[in-house]
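Listing of input.tsv; format and content: TSV, C-alpha atoms and all ligand atoms.
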```tsv
chain	number	residue	atom	x	y	z
A	1	MET	CA	0.00	0.00	0.00
A	2	VAL	CA	2.90	2.37	0.83
A	3	ALA	CA	4.38	1.59	-2.58
A	4	ILE	CA	1.04	2.26	-4.28
A	5	CYS	CA	0.63	5.61	-2.47
A	6	HIS	CA	4.19	6.57	-3.36
A	7	ARG	CA	3.59	5.75	-7.02
A	8	MET	CA	0.30	7.66	-6.89
A	9	THR	CA	2.15	10.76	-5.61
A	10	ILE	CA	4.69	10.48	-8.41
A	11	LEU	CA	1.85	10.15	-10.90
A	12	GLN	CA	0.14	13.23	-9.47
A	13	LYS	CA	3.36	15.16	-10.03
A	14	ILE	CA	3.65	13.88	-13.60
A	15	LEU	CA	0.02	14.70	-14.29
A	16	GLY	CA	0.41	18.10	-12.61
A	17	CYS	CA	-2.80	17.68	-10.68
A	18	SER	CA	-4.31	15.95	-7.71
A	19	LEU	CA	-5.94	12.60	-8.32
A	20	GLN	CA	-8.68	13.72	-5.93
A	21	ARG	CA	-9.89	16.05	-8.68
A	22	HIS	CA	-9.71	13.32	-11.29
A	23	GLN	CA	-11.57	10.44	-9.69
A	24	SER	CA	-12.01	8.77	-13.08
A	25	LEU	CA	-8.24	8.14	-13.18
A	26	VAL	CA	-8.21	6.24	-9.90
A	27	PRO	CA	-9.22	2.82	-11.27
A	28	LEU	CA	-6.63	3.18	-14.04
A	29	VAL	CA	-3.89	4.09	-11.58
A	30	ARG	CA	-4.92	1.18	-9.35
A	31	ARG	CA	-4.57	-1.19	-12.30
A	32	MET	CA	-1.14	0.25	-13.10
A	33	CYS	CA	0.11	0.12	-9.52
A	34	SER	CA	-1.25	-3.06	-8.03
A	35	SER	CA	-1.60	-6.49	-9.49
A	36	GLY	CA	-4.88	-7.58	-7.90
A	37	PRO	CA	-5.78	-10.89	-6.28
A	38	ASP	CA	-3.37	-13.83	-6.41
A	39	VAL	CA	-5.82	-15.87	-8.49
A	40	LEU	CA	-8.69	-14.79	-10.75
A	41	LEU	CA	-11.75	-17.00	-11.19
A	42	GLU	CA	-14.00	-16.03	-14.06
A	43	ASP	CA	-17.40	-17.38	-15.04
A	44	ILE	CA	-17.58	-17.13	-18.82
A	45	GLY	CA	-20.97	-18.49	-19.80
A	46	ASN	CA	-20.89	-22.18	-18.95
A	47	LYS	CA	-17.07	-22.24	-18.83
A	48	GLY	CA	-14.70	-21.53	-15.94
A	49	LEU	CA	-11.36	-19.73	-16.26
A	50	ILE	CA	-8.68	-19.84	-13.54
A	51	THR	CA	-5.81	-17.36	-13.90
A	52	LEU	CA	-2.85	-17.61	-11.51
A	53	ASN	CA	-1.89	-14.00	-10.89
A	54	ARG	CA	1.39	-13.68	-9.01
A	55	PRO	CA	3.71	-12.99	-11.94
A	56	LYS	CA	6.50	-11.59	-9.74
A	57	ALA	CA	6.53	-14.87	-7.76
A	58	LEU	CA	6.29	-16.88	-11.00
A	59	ASN	CA	2.67	-17.60	-10.05
A	60	ALA	CA	3.79	-19.82	-7.15
A	61	LEU	CA	0.86	-21.40	-5.35
A	62	ASN	CA	0.06	-20.24	-1.82
A	63	LEU	CA	-2.55	-21.44	0.66
A	64	GLY	CA	-4.91	-18.54	-0.12
A	65	MET	CA	-4.93	-19.52	-3.80
A	66	VAL	CA	-5.67	-23.16	-2.96
A	67	ARG	CA	-8.53	-22.03	-0.71
A	68	THR	CA	-9.94	-19.84	-3.47
A	69	ILE	CA	-9.68	-22.41	-6.27
A	70	TYR	CA	-10.91	-25.56	-4.47
A	71	PRO	CA	-14.53	-24.60	-3.65
A	72	LYS	CA	-14.97	-22.88	-7.02
A	73	LEU	CA	-13.77	-25.95	-8.88
A	74	GLN	CA	-16.19	-28.12	-6.90
A	75	GLU	CA	-19.01	-25.77	-7.85
A	76	TRP	CA	-17.90	-25.63	-11.50
A	77	GLU	CA	-17.85	-29.40	-11.79
A	78	ASN	CA	-21.65	-29.24	-11.38
A	79	ASN	CA	-22.48	-26.25	-13.56
A	80	LYS	CA	-19.74	-25.77	-16.17
A	81	SER	CA	-18.81	-27.67	-19.32
A	82	LEU	CA	-15.06	-27.09	-19.08
A	83	VAL	CA	-12.37	-25.33	-17.03
A	84	ILE	CA	-9.20	-23.66	-18.32
A	85	ILE	CA	-6.27	-22.85	-16.02
A	86	LYS	CA	-3.40	-20.55	-17.02
A	87	GLY	CA	-0.82	-18.21	-15.49
A	88	VAL	CA	-0.34	-14.47	-15.97
A	89	GLY	CA	2.78	-13.42	-17.88
A	90	GLU	CA	5.11	-15.16	-20.28
A	91	LYS	CA	7.54	-16.56	-17.72
A	92	ALA	CA	5.56	-19.10	-15.75
A	93	PHE	CA	2.43	-21.18	-15.53
A	94	CYS	CA	3.29	-21.90	-11.88
A	95	ALA	CA	6.82	-22.31	-10.46
A	96	GLY	CA	5.76	-24.37	-7.46
A	97	GLY	CA	4.28	-24.20	-4.02
A	98	ASP	CA	5.06	-21.27	-1.77
A	99	VAL	CA	7.66	-23.32	0.11
A	100	ARG	CA	9.23	-20.21	1.57
A	101	SER	CA	6.08	-19.36	3.56
A	102	ILE	CA	5.68	-23.00	4.56
A	103	THR	CA	9.20	-23.30	5.98
A	104	GLU	CA	8.96	-19.92	7.70
A	105	GLY	CA	5.67	-21.00	9.30
A	106	GLY	CA	7.04	-24.46	10.10
A	107	LYS	CA	9.87	-23.00	12.17
A	108	LYS	CA	7.32	-21.20	14.32
A	109	GLY	CA	5.07	-24.23	14.71
A	110	ASP	CA	2.42	-22.54	12.56
A	111	PRO	CA	-0.34	-24.88	11.24
A	112	ILE	CA	0.59	-23.96	7.65
A	113	THR	CA	2.75	-27.09	7.37
A	114	LYS	CA	-0.31	-29.24	8.07
A	115	ASP	CA	-2.84	-27.12	6.21
A	116	PHE	CA	-0.98	-26.20	3.02
A	117	PHE	CA	-0.12	-29.72	1.91
A	118	ARG	CA	-3.47	-31.19	3.00
A	119	GLU	CA	-5.50	-28.59	1.13
A	120	GLU	CA	-3.17	-28.59	-1.88
A	121	TYR	CA	-3.46	-32.39	-2.18
A	122	TYR	CA	-7.26	-32.20	-1.91
A	123	LEU	CA	-7.12	-29.85	-4.87
A	124	ASN	CA	-4.73	-32.14	-6.80
A	125	CYS	CA	-7.13	-35.03	-6.17
A	126	LEU	CA	-10.16	-33.01	-7.30
A	127	ILE	CA	-8.33	-32.10	-10.53
A	128	GLY	CA	-7.49	-35.79	-11.04
A	129	THR	CA	-11.11	-36.90	-10.66
A	130	LEU	CA	-12.94	-33.99	-12.31
A	131	GLU	CA	-15.76	-35.13	-14.61
A	132	ILE	CA	-15.51	-32.16	-16.98
A	133	PRO	CA	-12.59	-31.28	-19.28
A	134	TYR	CA	-9.83	-29.45	-17.38
A	135	ILE	CA	-7.31	-27.79	-19.67
A	136	ALA	CA	-3.99	-26.49	-18.29
A	137	LEU	CA	-2.01	-24.09	-20.48
A	138	LEU	CA	1.60	-24.82	-19.48
A	139	ASP	CA	3.18	-21.71	-21.01
A	140	GLY	CA	6.45	-21.17	-19.13
A	141	ILE	CA	7.86	-22.62	-15.91
A	142	THR	CA	5.80	-25.51	-14.52
A	143	MET	CA	7.40	-27.05	-11.46
A	144	GLY	CA	6.31	-28.82	-8.27
A	145	GLY	CA	2.99	-27.33	-7.16
A	146	GLY	CA	2.35	-26.14	-10.74
A	147	VAL	CA	2.67	-29.72	-11.93
A	148	GLY	CA	0.06	-30.74	-9.34
A	149	LEU	CA	-2.34	-28.16	-10.77
A	150	SER	CA	-2.05	-29.64	-14.24
A	151	VAL	CA	-0.71	-33.15	-14.67
A	152	HIS	CA	-3.70	-34.99	-13.17
A	153	GLY	CA	-6.15	-33.07	-15.36
A	154	MET	CA	-7.62	-34.29	-18.65
A	155	PHE	CA	-5.59	-31.99	-20.98
A	156	ARG	CA	-2.13	-30.34	-20.64
A	157	ILE	CA	-0.90	-28.01	-23.37
A	158	ALA	CA	2.82	-27.31	-23.77
A	159	THR	CA	4.30	-24.41	-25.74
A	160	GLU	CA	7.83	-23.56	-26.89
A	161	ARG	CA	8.22	-21.72	-23.57
A	162	SER	CA	7.24	-24.69	-21.38
A	163	LEU	CA	9.79	-25.71	-18.78
A	164	PHE	CA	8.76	-28.68	-16.68
A	165	ALA	CA	10.55	-30.10	-13.64
A	166	MET	CA	10.06	-31.85	-10.33
A	167	PRO	CA	13.13	-30.30	-8.63
A	168	GLU	CA	12.30	-31.01	-4.98
A	169	THR	CA	15.29	-33.25	-4.14
A	170	ALA	CA	17.31	-29.99	-4.42
A	171	ILE	CA	15.35	-28.40	-1.55
A	172	GLY	CA	15.21	-31.36	0.83
A	173	LEU	CA	11.66	-32.27	-0.17
A	174	PHE	CA	10.49	-34.97	-2.65
A	175	PRO	CA	8.40	-34.84	-5.86
A	176	ASP	CA	4.99	-34.48	-4.27
A	177	VAL	CA	1.57	-33.28	-5.54
A	178	GLY	CA	0.94	-36.80	-6.86
A	179	GLY	CA	4.46	-37.35	-8.23
A	180	SER	CA	4.30	-40.91	-6.91
A	181	HIS	CA	1.31	-41.47	-9.21
A	182	PHE	CA	2.31	-39.91	-12.53
A	183	LEU	CA	6.09	-40.38	-12.46
A	184	PRO	CA	6.23	-44.21	-12.26
A	185	ARG	CA	3.63	-44.32	-15.07
A	186	ILE	CA	5.83	-42.45	-17.56
A	187	GLY	CA	7.67	-45.66	-18.50
A	188	GLY	CA	11.29	-46.58	-19.14
A	189	ASN	CA	12.16	-45.36	-15.63
A	190	LEU	CA	12.10	-41.83	-17.02
A	191	GLY	CA	9.93	-40.80	-14.06
A	192	MET	CA	12.50	-42.09	-11.56
A	193	TYR	CA	15.17	-40.15	-13.49
A	194	LEU	CA	13.13	-36.92	-13.48
A	195	ALA	CA	12.29	-37.38	-9.79
A	196	LEU	CA	15.82	-37.96	-8.52
A	197	THR	CA	17.76	-35.54	-10.76
A	198	GLY	CA	15.10	-32.81	-11.16
A	199	HIS	CA	15.93	-32.81	-14.89
A	200	ARG	CA	14.15	-30.02	-16.78
A	201	LEU	CA	12.10	-30.77	-19.85
A	202	LYS	CA	11.61	-27.94	-22.34
A	203	GLY	CA	9.15	-27.26	-25.14
A	204	ARG	CA	8.03	-30.28	-27.15
A	205	ASP	CA	9.99	-32.59	-24.79
A	206	VAL	CA	7.21	-32.02	-22.25
A	207	LEU	CA	4.88	-33.76	-24.73
A	208	LYS	CA	7.41	-36.44	-25.67
A	209	ALA	CA	7.82	-37.40	-22.00
A	210	GLY	CA	4.04	-37.80	-21.77
A	211	VAL	CA	3.53	-34.93	-19.34
A	212	ALA	CA	1.66	-32.78	-21.88
A	213	THR	CA	-1.14	-34.16	-24.03
A	214	HIS	CA	-0.85	-31.51	-26.78
A	215	VAL	CA	1.33	-28.61	-27.93
A	216	CYS	CA	0.36	-25.16	-29.17
A	217	ASP	CA	2.43	-22.21	-30.40
A	218	ALA	CA	2.48	-19.63	-27.57
A	219	VAL	CA	1.31	-16.90	-29.95
A	220	LYS	CA	-1.83	-18.97	-30.68
A	221	LEU	CA	-2.84	-19.48	-27.03
A	222	PRO	CA	-5.31	-16.55	-26.97
A	223	GLU	CA	-7.02	-17.98	-30.06
A	224	LEU	CA	-7.07	-21.47	-28.51
A	225	GLU	CA	-8.59	-20.10	-25.32
A	226	ASP	CA	-11.17	-18.15	-27.32
A	227	THR	CA	-12.14	-21.17	-29.41
A	228	LEU	CA	-12.57	-23.34	-26.30
A	229	LEU	CA	-14.63	-20.68	-24.51
A	230	LYS	CA	-16.93	-20.41	-27.54
A	231	LEU	CA	-17.74	-24.13	-27.78
A	232	GLU	CA	-21.39	-24.78	-27.02
A	233	ASN	CA	-21.87	-27.44	-24.34
A	234	PRO	CA	-18.75	-29.34	-25.38
A	235	TYR	CA	-18.07	-32.99	-24.67
A	236	PRO	CA	-14.47	-34.04	-24.06
A	237	GLU	CA	-14.28	-35.17	-27.72
A	238	ASP	CA	-15.14	-31.64	-28.88
A	239	VAL	CA	-12.35	-30.24	-26.69
A	240	SER	CA	-9.99	-32.91	-28.08
A	241	GLU	CA	-10.85	-31.87	-31.63
A	242	VAL	CA	-9.97	-28.21	-30.98
A	243	LEU	CA	-6.76	-29.14	-29.17
A	244	ASN	CA	-5.78	-31.53	-31.98
A	245	ASP	CA	-6.24	-28.75	-34.56
A	246	PHE	CA	-3.94	-26.36	-32.68
A	247	HIS	CA	-1.54	-29.22	-31.94
A	248	ASN	CA	-1.29	-30.16	-35.62
A	249	ALA	CA	-0.82	-26.51	-36.59
A	250	ALA	CA	1.97	-25.91	-34.04
A	251	THR	CA	5.20	-24.99	-35.81
A	252	PHE	CA	7.82	-25.03	-33.03
A	253	GLU	CA	10.43	-27.82	-32.84
A	254	LYS	CA	8.37	-29.70	-35.39
A	255	ASP	CA	11.06	-32.09	-36.59
A	256	LYS	CA	13.07	-32.24	-33.39
A	257	ASP	CA	13.67	-35.60	-31.72
A	258	PHE	CA	13.11	-36.08	-28.00
A	259	SER	CA	16.29	-34.57	-26.49
A	260	LEU	CA	16.59	-37.51	-24.08
A	261	LYS	CA	16.26	-40.08	-26.90
A	262	PRO	CA	20.03	-40.83	-27.03
A	263	PHE	CA	20.00	-41.55	-23.28
A	264	LEU	CA	16.77	-43.52	-22.91
A	265	PRO	CA	18.51	-46.94	-22.84
A	266	GLN	CA	20.92	-45.70	-20.15
A	267	ILE	CA	18.08	-44.12	-18.16
A	268	GLU	CA	16.08	-47.34	-18.36
A	269	GLU	CA	19.05	-49.44	-17.24
A	270	CYS	CA	20.64	-47.22	-14.56
A	271	PHE	CA	17.42	-45.96	-12.96
A	272	SER	CA	15.87	-49.43	-12.64
A	273	ALA	CA	18.25	-50.30	-9.79
A	274	ASP	CA	16.40	-51.09	-6.57
A	275	SER	CA	18.18	-48.46	-4.46
A	276	VAL	CA	19.78	-45.02	-4.86
A	277	GLU	CA	23.17	-46.60	-4.15
A	278	GLY	CA	22.40	-49.12	-6.91
A	279	ILE	CA	21.63	-46.31	-9.37
A	280	ILE	CA	24.87	-44.53	-8.47
A	281	ASP	CA	26.78	-47.77	-8.90
A	282	ARG	CA	25.30	-48.31	-12.39
A	283	LEU	CA	26.08	-44.69	-13.39
A	284	GLN	CA	29.68	-45.14	-12.22
A	285	LYS	CA	29.99	-48.37	-14.21
A	286	ASP	CA	28.44	-46.65	-17.26
A	287	GLY	CA	31.14	-43.97	-17.00
A	288	SER	CA	29.91	-41.91	-19.98
A	289	GLU	CA	29.88	-38.12	-19.98
A	290	TRP	CA	26.12	-38.29	-19.47
A	291	ALA	CA	26.52	-40.63	-16.48
A	292	LEU	CA	29.21	-38.45	-14.87
A	293	LYS	CA	27.04	-35.35	-15.26
A	294	ASN	CA	24.15	-37.11	-13.54
A	295	LEU	CA	26.40	-38.40	-10.74
A	296	SER	CA	27.46	-34.82	-10.12
A	297	ILE	CA	23.82	-33.65	-10.05
A	298	LEU	CA	22.79	-36.43	-7.63
A	299	SER	CA	25.76	-35.62	-5.35
A	300	LYS	CA	24.27	-32.15	-4.75
A	301	MET	CA	20.81	-33.36	-3.74
A	302	SER	CA	19.64	-34.08	-0.19
A	303	PRO	CA	20.61	-37.72	0.58
A	304	THR	CA	17.42	-38.10	2.63
A	305	SER	CA	15.34	-36.70	-0.24
A	306	LEU	CA	16.97	-39.10	-2.70
A	307	LYS	CA	16.16	-42.17	-0.61
A	308	VAL	CA	12.64	-40.99	0.24
A	309	THR	CA	12.03	-40.23	-3.45
A	310	HIS	CA	13.29	-43.61	-4.67
A	311	GLU	CA	11.01	-45.41	-2.21
A	312	GLN	CA	8.06	-43.11	-2.94
A	313	ILE	CA	8.25	-43.57	-6.74
A	314	THR	CA	8.68	-47.34	-6.33
A	315	ARG	CA	5.67	-47.65	-4.02
A	316	GLY	CA	3.54	-45.26	-6.09
A	317	ALA	CA	3.60	-47.55	-9.13
A	318	ASP	CA	0.99	-49.79	-7.45
A	319	LEU	CA	-1.10	-47.13	-5.68
A	320	THR	CA	-4.13	-45.06	-6.69
A	321	LEU	CA	-3.79	-41.26	-6.87
A	322	GLN	CA	-5.59	-41.03	-3.52
A	323	GLU	CA	-3.25	-43.55	-1.89
A	324	CYS	CA	-0.24	-41.73	-3.38
A	325	LEU	CA	-1.37	-38.39	-1.95
A	326	ALA	CA	-2.02	-39.90	1.48
A	327	MET	CA	1.50	-41.41	1.45
A	328	GLU	CA	2.99	-38.11	0.28
A	329	TYR	CA	1.15	-36.24	3.01
A	330	ARG	CA	2.92	-38.40	5.63
A	331	LEU	CA	6.22	-37.61	3.92
A	332	THR	CA	5.58	-33.84	3.94
A	333	GLN	CA	4.91	-33.95	7.67
A	334	ARG	CA	8.15	-35.89	8.25
A	335	CYS	CA	10.06	-33.38	6.09
A	336	CYS	CA	8.63	-30.51	8.17
A	337	GLU	CA	9.79	-32.25	11.38
A	338	ASP	CA	13.29	-32.83	9.96
A	339	HIS	CA	16.17	-30.62	8.82
A	340	ASP	CA	16.80	-30.74	5.09
A	341	PHE	CA	13.60	-29.06	3.82
A	342	TYR	CA	14.39	-25.90	5.83
A	343	GLU	CA	18.04	-25.99	4.79
A	344	GLY	CA	17.21	-26.58	1.12
A	345	VAL	CA	14.75	-23.66	0.97
A	346	ARG	CA	17.26	-21.46	2.79
A	347	ALA	CA	20.09	-22.29	0.39
A	348	THR	CA	18.01	-22.19	-2.80
A	349	LEU	CA	15.32	-19.55	-2.27
A	350	ILE	CA	16.22	-17.39	0.76
A	351	ASP	CA	20.02	-16.91	1.00
A	352	LYS	CA	20.48	-18.21	-2.56
A	353	ASP	CA	24.01	-19.42	-1.74
A	354	ASN	CA	23.17	-22.80	-3.31
A	355	SER	CA	25.30	-24.50	-0.64
A	356	PRO	CA	22.93	-26.56	1.46
A	357	HIS	CA	24.44	-28.47	4.39
A	358	TRP	CA	22.44	-31.67	4.39
A	359	GLN	CA	21.96	-33.78	7.54
A	360	PRO	CA	22.80	-36.59	7.16
A	361	ALA	CA	25.35	-35.54	4.54
A	362	ILE	CA	25.86	-38.95	2.93
A	363	LEU	CA	23.52	-41.65	1.64
A	364	ALA	CA	25.02	-44.33	3.90
A	365	ASP	CA	23.85	-42.37	6.95
A	366	VAL	CA	20.22	-42.27	5.85
A	367	THR	CA	19.27	-45.40	7.73
A	368	LYS	CA	16.52	-47.90	6.96
A	369	GLU	CA	14.95	-46.87	10.27
A	370	LYS	CA	14.85	-43.21	9.27
A	371	LEU	CA	13.27	-44.11	5.94
A	372	ALA	CA	10.71	-46.36	7.66
A	373	HIS	CA	9.81	-43.49	9.99
A	374	TYR	CA	9.13	-41.21	7.01
A	375	PHE	CA	6.65	-43.72	5.55
A	376	SER	CA	5.03	-44.69	8.87
A	377	PRO	CA	1.45	-43.58	9.59
A	378	LEU	CA	0.79	-40.30	11.36
A	379	ALA	CA	-1.43	-40.09	14.44
A	380	ALA	CA	-4.92	-41.12	13.26
A	381	ASP	CA	-6.29	-37.58	13.49
A	382	ARG	CA	-3.45	-36.25	11.32
A	383	GLU	CA	-3.70	-38.68	8.40
A	384	LEU	CA	-4.89	-37.43	5.01
A	385	THR	CA	-8.21	-39.04	4.13
A	386	LEU	CA	-9.40	-38.65	0.55
B	401	LIG	C1	13.46	-26.55	-6.27
B	401	LIG	C2	12.15	-26.52	-5.88
B	401	LIG	C3	11.40	-25.35	-5.91
B	401	LIG	C4	12.02	-24.18	-6.36
B	401	LIG	C5	13.35	-24.21	-6.78
B	401	LIG	C6	14.05	-25.40	-6.72
B	401	LIG	C7	10.03	-25.27	-5.48
B	401	LIG	C8	9.38	-24.00	-5.53
B	401	LIG	C9	10.06	-22.88	-6.00
B	401	LIG	C10	9.52	-21.54	-6.05
B	401	LIG	C11	9.79	-20.72	-7.15
B	401	LIG	C12	9.30	-19.42	-7.21
B	401	LIG	C13	8.56	-18.91	-6.17
B	401	LIG	C14	8.29	-19.72	-5.07
B	401	LIG	C15	8.77	-21.01	-5.02
B	401	LIG	O1	11.35	-23.00	-6.41
B	401	LIG	O2	9.42	-26.30	-5.09
B	401	LIG	O3	7.56	-19.22	-4.05
B	401	LIG	O4	8.07	-17.64	-6.20
B	401	LIG	O5	8.11	-23.92	-5.12
B	401	LIG	O6	15.36	-25.45	-7.12
B	401	LIG	O7	11.55	-27.64	-5.44
```
For the structure just supplied, provide its representation as structure tokens.
Amino acid sequence: MVAICHRMTILQKILGCSLQRHQSLVPLVRRMCSSGPDVLLEDIGNKGLITLNRPKALNALNLGMVRTIYPKLQEWENNKSLVIIKGVGEKAFCAGGDVRSITEGGKKGDPITKDFFREEYYLNCLIGTLEIPYIALLDGITMGGGVGLSVHGMFRIATERSLFAMPETAIGLFPDVGGSHFLPRIGGNLGMYLALTGHRLKGRDVLKAGVATHVCDAVKLPELEDTLLKLENPYPEDVSEVLNDFHNAATFEKDKDFSLKPFLPQIEECFSADSVEGIIDRLQKDGSEWALKNLSILSKMSPTSLKVTHEQITRGADLTLQECLAMEYRLTQRCCEDHDFYEGVRATLIDKDNSPHWQPAILADVTKEKLAHYFSPLAADRELTL
């Protein structure tokens, strides 16, 4: 508010008048100076439009946004024919969950650590079970919490600006928001690779990895949105038809192979080992430039996160989305009671020194007992029930 008032004063000087005498300018100045609510929910006929509106924070998802979206989406499932979700700006769809607020609250014993993940996972589950077409426009950065807002939905549209990752092992967390459900289902152990290394997929690779269902040139997104919003009582097949048209017309990276194609056999082989130590062993034996690069990446991640993630992705292969989210909820609570999540957020997002001091610092010291504790049930009244 201070910043807005300050900018208003500057504007008054530029305009050479008082804004009091020009009331009609006030809404315009407001629009120029403030960015409005964190998420916009628009009723457009019998369609719903969700716009994530925190461009300066790369549209990162906070608890307020979850609390705004969830009840509206429940309502829309009963009275709308489709829902579109997008982010404001060209940089990001949604860069993740607001992990900074969560760790700050967690240190003070604030209920945000319980509430954020529980309510976020309820939303992820609703998106995964929605009866009407849900179309996520993944234009820009889509990581962590942003993946949870899209990947379980019926349609995910990538553009040349899409950048997808599950980078949580770098912040002492694990690929949550249903990562244990969609990652093991990617095939060829590519999900285990993405989960442990946080590897970023760009552009058409997001489609080739099976995360996106369609592509669209970024410049055509407004037209795509318009076409979808003008469909009369569409069935999923009608939505598919529109998306297929834009997909087939997309010009970017048209003849490009999947950038991971040369490494798929190595990914399949190395990342099928039944432990993190086993994966590291296979990468060392492989010895290629690609293997050495990945060994270096893994050596920077939280050892606890790596072991939790390996177990989580392995278990998730045989679980429903609901069971995956309930398991992940236990893991989030264990992370919030432990050390590395706070240290990872500090090093990556707060101090930005990118030198986290993990505890334990080596894989061998992440004991079976510690891992078992992470996966053990919470007190009955704290479990996530979906
Ligand atoms: C690893 C992560 C996250 C990350 C960076 C990493 C993550 C996350 C964010 C993020 C980004 C922008 C924001 C914000 C959070 O960054 O999970 O609040 O404005 O949410 O290297 O796992």
Listing only residues of chain A within 9 Å of ligand LIG 401 (chain B), what is the closest atom pair and its distance in Å (to one decimal) for each, using only C-alpha atoms and all ligand atoms, sorted by chain and residue number ascending, as JSON lines?
```
{"residue": "A:Arg54", "atom": "CA", "partner": "B:LIG401", "partner_atom": "O4", "distance": 8.3}
{"residue": "A:Pro55", "atom": "CA", "partner": "B:LIG401", "partner_atom": "O4", "distance": 8.6}
{"residue": "A:Lys56", "atom": "CA", "partner": "B:LIG401", "partner_atom": "O4", "distance": 7.2}
{"residue": "A:Ala57", "atom": "CA", "partner": "B:LIG401", "partner_atom": "O4", "distance": 3.5}
{"residue": "A:Leu58", "atom": "CA", "partner": "B:LIG401", "partner_atom": "O4", "distance": 5.2}
{"residue": "A:Asn59", "atom": "CA", "partner": "B:LIG401", "partner_atom": "O4", "distance": 6.6}
{"residue": "A:Ala60", "atom": "CA", "partner": "B:LIG401", "partner_atom": "O4", "distance": 4.9}
{"residue": "A:Leu61", "atom": "CA", "partner": "B:LIG401", "partner_atom": "O3", "distance": 7.2}
{"residue": "A:Asn62", "atom": "CA", "partner": "B:LIG401", "partner_atom": "O3", "distance": 7.9}
{"residue": "A:Cys94", "atom": "CA", "partner": "B:LIG401", "partner_atom": "C12", "distance": 8.0}
{"residue": "A:Ala95", "atom": "CA", "partner": "B:LIG401", "partner_atom": "C11", "distance": 4.7}
{"residue": "A:Gly96", "atom": "CA", "partner": "B:LIG401", "partner_atom": "O5", "distance": 3.3}
{"residue": "A:Gly97", "atom": "CA", "partner": "B:LIG401", "partner_atom": "O5", "distance": 4.0}
{"residue": "A:Asp98", "atom": "CA", "partner": "B:LIG401", "partner_atom": "O3", "distance": 4.0}
{"residue": "A:Val99", "atom": "CA", "partner": "B:LIG401", "partner_atom": "O5", "distance": 5.3}
{"residue": "A:Arg100", "atom": "CA", "partner": "B:LIG401", "partner_atom": "O3", "distance": 5.9}
{"residue": "A:Ser101", "atom": "CA", "partner": "B:LIG401", "partner_atom": "O3", "distance": 7.8}
{"residue": "A:Met143", "atom": "CA", "partner": "B:LIG401", "partner_atom": "O2", "distance": 6.7}
{"residue": "A:Gly144", "atom": "CA", "partner": "B:LIG401", "partner_atom": "O2", "distance": 5.1}
{"residue": "A:Gly145", "atom": "CA", "partner": "B:LIG401", "partner_atom": "O5", "distance": 6.5}
{"residue": "A:Gly146", "atom": "CA", "partner": "B:LIG401", "partner_atom": "O5", "distance": 8.3}
{"residue": "A:Ala165", "atom": "CA", "partner": "B:LIG401", "partner_atom": "O7", "distance": 8.6}
{"residue": "A:Met166", "atom": "CA", "partner": "B:LIG401", "partner_atom": "O7", "distance": 6.6}
{"residue": "A:Pro167", "atom": "CA", "partner": "B:LIG401", "partner_atom": "C1", "distance": 4.4}
{"residue": "A:Glu168", "atom": "CA", "partner": "B:LIG401", "partner_atom": "O7", "distance": 3.5}
{"residue": "A:Thr169", "atom": "CA", "partner": "B:LIG401", "partner_atom": "O7", "distance": 6.9}
{"residue": "A:Ala170", "atom": "CA", "partner": "B:LIG401", "partner_atom": "C1", "distance": 5.5}
{"residue": "A:Ile171", "atom": "CA", "partner": "B:LIG401", "partner_atom": "C1", "distance": 5.4}
{"residue": "A:Gly172", "atom": "CA", "partner": "B:LIG401", "partner_atom": "O7", "distance": 8.2}
{"residue": "A:Leu173", "atom": "CA", "partner": "B:LIG401", "partner_atom": "O7", "distance": 7.0}
{"residue": "A:Phe174", "atom": "CA", "partner": "B:LIG401", "partner_atom": "O7", "distance": 7.9}
{"residue": "A:Pro175", "atom": "CA", "partner": "B:LIG401", "partner_atom": "O7", "distance": 7.9}
{"residue": "A:Gly198", "atom": "CA", "partner": "B:LIG401", "partner_atom": "C1", "distance": 8.1}
{"residue": "A:Gly344", "atom": "CA", "partner": "B:LIG401", "partner_atom": "C1", "distance": 8.3}
{"residue": "A:Val345", "atom": "CA", "partner": "B:LIG401", "partner_atom": "C3", "distance": 7.8}
{"residue": "A:Thr348", "atom": "CA", "partner": "B:LIG401", "partner_atom": "O6", "distance": 6.0}
{"residue": "A:Leu349", "atom": "CA", "partner": "B:LIG401", "partner_atom": "O1", "distance": 6.7}
```
Q. What is the distance between atom CA of A:Asn294 and atom CA of A:Ile362, in Å to one decimal?
A. 16.7 Å
Q) Counting all atoms listed in the file, which of A:Val308, A:Ile313, A:Met301, A:Ala218 gets nearest to A:Pro356? A) A:Met301
Residue contacts of A:Pro184 (7 Å, only C-alpha atoms) excluding same-chain residues fewer than 3 positions away, as a PDB file with C-alpha atoms, in the coordinates of the input:
```
ATOM      1  CA  SER A 180       4.300 -40.910  -6.910  1.00  0.00           C
ATOM      2  CA  HIS A 181       1.310 -41.470  -9.210  1.00  0.00           C
ATOM      3  CA  GLY A 187       7.670 -45.660 -18.500  1.00  0.00           C
ATOM      4  CA  ASN A 189      12.160 -45.360 -15.630  1.00  0.00           C
ATOM      5  CA  GLY A 191       9.930 -40.800 -14.060  1.00  0.00           C
ATOM      6  CA  MET A 192      12.500 -42.090 -11.560  1.00  0.00           C
ATOM      7  CA  ILE A 313       8.250 -43.570  -6.740  1.00  0.00           C
ATOM      8  CA  GLY A 316       3.540 -45.260  -6.090  1.00  0.00           C
ATOM      9  CA  ALA A 317       3.600 -47.550  -9.130  1.00  0.00           C
TER      10      ALA A 317
END
```
Q: Could you jot down the atom CA of A:Val88 to atom CA of A:Glu42 separation for me, Å, one decimal place?
A: 13.9 Å
**Q.** Point (-8.4, -25.6, -31.0), cut-off 7 Å, counting all atoms listed in the file, residues as a ChimeraX atom specification
**A.** /A:224,227-228,241-246
